[in-house]
Amino acid sequence: MRLISSGRHHAAFEFGDLQVISLRDGYIDMPPTRLRDEDGRPLPQLPTAVPLVGDNLRLSVNAFFVTDGTRSILIDTGASNAWHDPTMGLIYDALEEAEIDRTQITDVAITHRHEDHVSGLITPDGSEAFIELERIWIGAGDTSVFTGRLEPLRDRVVPVPDKVAINNWTTAIPTPGHTPGHTIYDITSGAAHLLIWGDTVHVPTLQFEQPTVSWELDGNLSQARAARVALLERLTRPNHFVAGAHLDSPGIARVSPSGNGYALEYLAPPIG
């Protein structure tokens, strides 16, 4: 995988016959008290290696666009104005900067139902962000999110109950734990794999080195922890890469074993 261009809100990578574009929706600051130990209790002490902004953890919010030049898929959509936070909702600027025509997007895949991943389907003015949208892939356990402002999109929802091929280079793989329908997307090009995840990891400076640390908003802490450990171990295989919604933008990296945990090596310097 090779970086071919970047800007303030995007970074484009060559991935074999595919192009993968990281889209920066912004960031959100969260208190470190959301981190949990193996017993579900707040961490007694935050390691000094974990940076804080003020007293908060700063989490990047990323989405990813993948194309073979003919077909494409957008994975996650950012927050739009759902959280009324001016630091998020930048995905439309990122798409424009990357010269991606929103009217050409027919398939969107959602990692899970939380607002910073699904809300960008609707723009702040209440209109549909992708007017030619045909299918919205989402884990079967998370389809209940399509109410309220998302209700008009319900007829285009494709529930993912099990592992399923979306096209000949994208496979949806359920990884429940953070939410019942949390799903990752395995992008393949030749022998290489790019695993695109949502909330498998929230704090990369901590949870790779200590993968047993969980997040308060994980619906099932033990299930989310088991999914994270299994995915991290899988990522140590040759020709495997990760793209994470809350890894530091642009959020694409390699993973290798390190001590009792794992090490993360970004493929491009941070943007934003």
# chains A, B, ... in the order shown; residues from 1 in each chain; ligands from 1
>>> select_by_dssp(residues="range 34-269 of chain A", states="strand (DSSP E or B)", output="NGL selection string")
:A and (35-36 or 42 or 53 or 56-67 or 72-75 or 107-109 or 122 or 128 or 135-139 or 157-160 or 164-167 or 170-174 or 183-189 or 192-197 or 214-215 or 240-244 or 252-258 or 261-266)
>>> select_by_dssp(residues="range 11-260 of chain A", states="alpha helix (DSSP H)", output="VMD selection string")
chain A and resid 91 to 97 115 to 118 204 to 207 221 to 235
>>> write_last_selection(atoms="C-alpha atoms", output="tab-separated table (two decimals), in the first residue's frame")
chain	number	residue	atom	x	y	z
A	91	ILE	CA	-16.73	14.47	5.38
A	92	TYR	CA	-18.45	16.50	2.65
A	93	ASP	CA	-15.43	18.81	2.49
A	94	ALA	CA	-13.16	15.75	2.43
A	95	LEU	CA	-15.08	14.18	-0.46
A	96	GLU	CA	-14.87	17.42	-2.43
A	97	GLU	CA	-11.16	17.82	-1.69
A	115	GLU	CA	-23.97	8.69	15.34
A	116	ASP	CA	-20.40	9.50	14.33
A	117	HIS	CA	-20.50	6.66	11.78
A	118	VAL	CA	-24.00	6.71	10.29
A	204	PRO	CA	-4.57	3.65	19.53
A	205	THR	CA	-1.77	4.86	21.83
A	206	LEU	CA	-3.11	2.48	24.49
A	207	GLN	CA	-5.25	-0.35	23.10
A	221	LEU	CA	-17.14	-5.45	27.11
A	222	SER	CA	-15.92	-9.05	27.01
A	223	GLN	CA	-17.23	-9.68	23.50
A	224	ALA	CA	-15.71	-6.45	22.20
A	225	ARG	CA	-12.39	-7.34	23.85
A	226	ALA	CA	-12.35	-10.81	22.29
A	227	ALA	CA	-13.13	-9.36	18.85
A	228	ARG	CA	-10.33	-6.80	19.20
A	229	VAL	CA	-7.73	-9.39	20.22
A	230	ALA	CA	-8.71	-11.72	17.37
A	231	LEU	CA	-8.52	-8.93	14.79
A	232	LEU	CA	-5.18	-7.66	16.07
A	233	GLU	CA	-3.74	-11.14	15.86
A	234	ARG	CA	-5.08	-11.54	12.32
A	235	LEU	CA	-3.46	-8.24	11.33
>>> closest_residue(among="A:Asn62, A:Ser80, A:Thr143, A:Asn168", to="Ile252 in chain A", atoms="only C-alpha atoms")
A:Asn62
>>> closest_residue(among="A:His178, A:Thr67, A:Ser258, A:Ser249", to="Pro270 in chain A", atoms="only C-alpha atoms")
A:Ser249
>>> residues_around(residues="Ile4 in chain A", least_positions_apart="2", cutoff="8 Å", atoms="only C-alpha atoms", output="JSON list (two decimals) with N, CA, C and O atoms, in the first residue's frame")
[["chain", "number", "residue", "atom", "x", "y", "z"],
["A", 2, "ARG", "N", 0.54, 2.20, -0.88],
["A", 2, "ARG", "CA", 1.42, 3.36, -1.08],
["A", 2, "ARG", "C", 0.61, 4.65, -1.10],
["A", 2, "ARG", "O", -0.39, 4.74, -1.80],
["A", 6, "SER", "N", -2.37, 13.60, -0.73],
["A", 6, "SER", "CA", -3.02, 13.93, 0.54],
["A", 6, "SER", "C", -3.36, 15.41, 0.56],
["A", 6, "SER", "O", -2.84, 16.20, -0.24],
["A", 11, "ALA", "N", -6.47, 11.51, 2.41],
["A", 11, "ALA", "CA", -5.22, 10.90, 1.97],
["A", 11, "ALA", "C", -5.58, 9.71, 1.09],
["A", 11, "ALA", "O", -6.43, 8.89, 1.47],
["A", 12, "ALA", "N", -4.96, 9.63, -0.09],
["A", 12, "ALA", "CA", -5.27, 8.57, -1.05],
["A", 12, "ALA", "C", -4.10, 7.59, -1.12],
["A", 12, "ALA", "O", -2.93, 7.99, -1.16],
["A", 13, "PHE", "N", -4.44, 6.31, -1.15],
["A", 13, "PHE", "CA", -3.45, 5.24, -1.19],
["A", 13, "PHE", "C", -3.71, 4.33, -2.38],
["A", 13, "PHE", "O", -4.87, 4.03, -2.70],
["A", 14, "GLU", "N", -2.64, 3.87, -2.99],
["A", 14, "GLU", "CA", -2.73, 2.82, -4.00],
["A", 14, "GLU", "C", -2.66, 1.49, -3.27],
["A", 14, "GLU", "O", -1.74, 1.24, -2.49]]
>>> closest_residue(among="A:Thr171, A:Ser5, A:Ser60, A:Ser144", to="His114 in chain A", atoms="only C-alpha atoms")
A:Ser144
>>> closest_residue(among="A:Ala243, A:Leu150, A:Val164, A:Ala140", to="Pro176 in chain A", atoms="only C-alpha atoms")
A:Ala140
>>> closest_residue(among="A:Pro42, A:Pro51, A:Gly69, A:Gly126", to="Asn81 in chain A", atoms="only C-alpha atoms")
A:Gly126
>>> residues_around(residues="range 261-269 of chain A", least_positions_apart="6", cutoff="6 Å", atoms="only C-alpha atoms", output="list in words")
Phe208, Glu209, Gln210, Ile252, Ala253, Arg254 and Val255 of chain A
>>> write_last_selection(atoms="N, CA and C atoms", output="short mmCIF file (atom, residue, chain, number, x, y, z; two decimals), in the first residue's frame")
data_model
loop_
_atom_site.label_atom_id
_atom_site.label_comp_id
_atom_site.auth_asym_id
_atom_site.auth_seq_id
_atom_site.Cartn_x
_atom_site.Cartn_y
_atom_site.Cartn_z
N PHE A 208 -3.50 -0.87 21.47
CA PHE A 208 -2.67 -1.84 20.76
C PHE A 208 -1.69 -2.49 21.73
N GLU A 209 -1.08 -1.67 22.55
CA GLU A 209 -0.14 -2.19 23.54
C GLU A 209 -0.86 -2.99 24.63
N GLN A 210 -2.08 -2.54 24.99
CA GLN A 210 -2.88 -3.21 26.01
C GLN A 210 -4.27 -3.50 25.45
N ILE A 252 -4.49 4.66 8.51
CA ILE A 252 -4.16 3.41 7.82
C ILE A 252 -2.77 2.97 8.26
N ALA A 253 -2.64 1.68 8.63
CA ALA A 253 -1.42 1.26 9.30
C ALA A 253 -1.15 -0.23 9.14
N ARG A 254 0.06 -0.63 9.56
CA ARG A 254 0.43 -2.03 9.74
C ARG A 254 0.42 -2.35 11.23
N VAL A 255 0.26 -3.63 11.54
CA VAL A 255 0.28 -4.08 12.94
C VAL A 255 1.29 -5.22 13.06
#
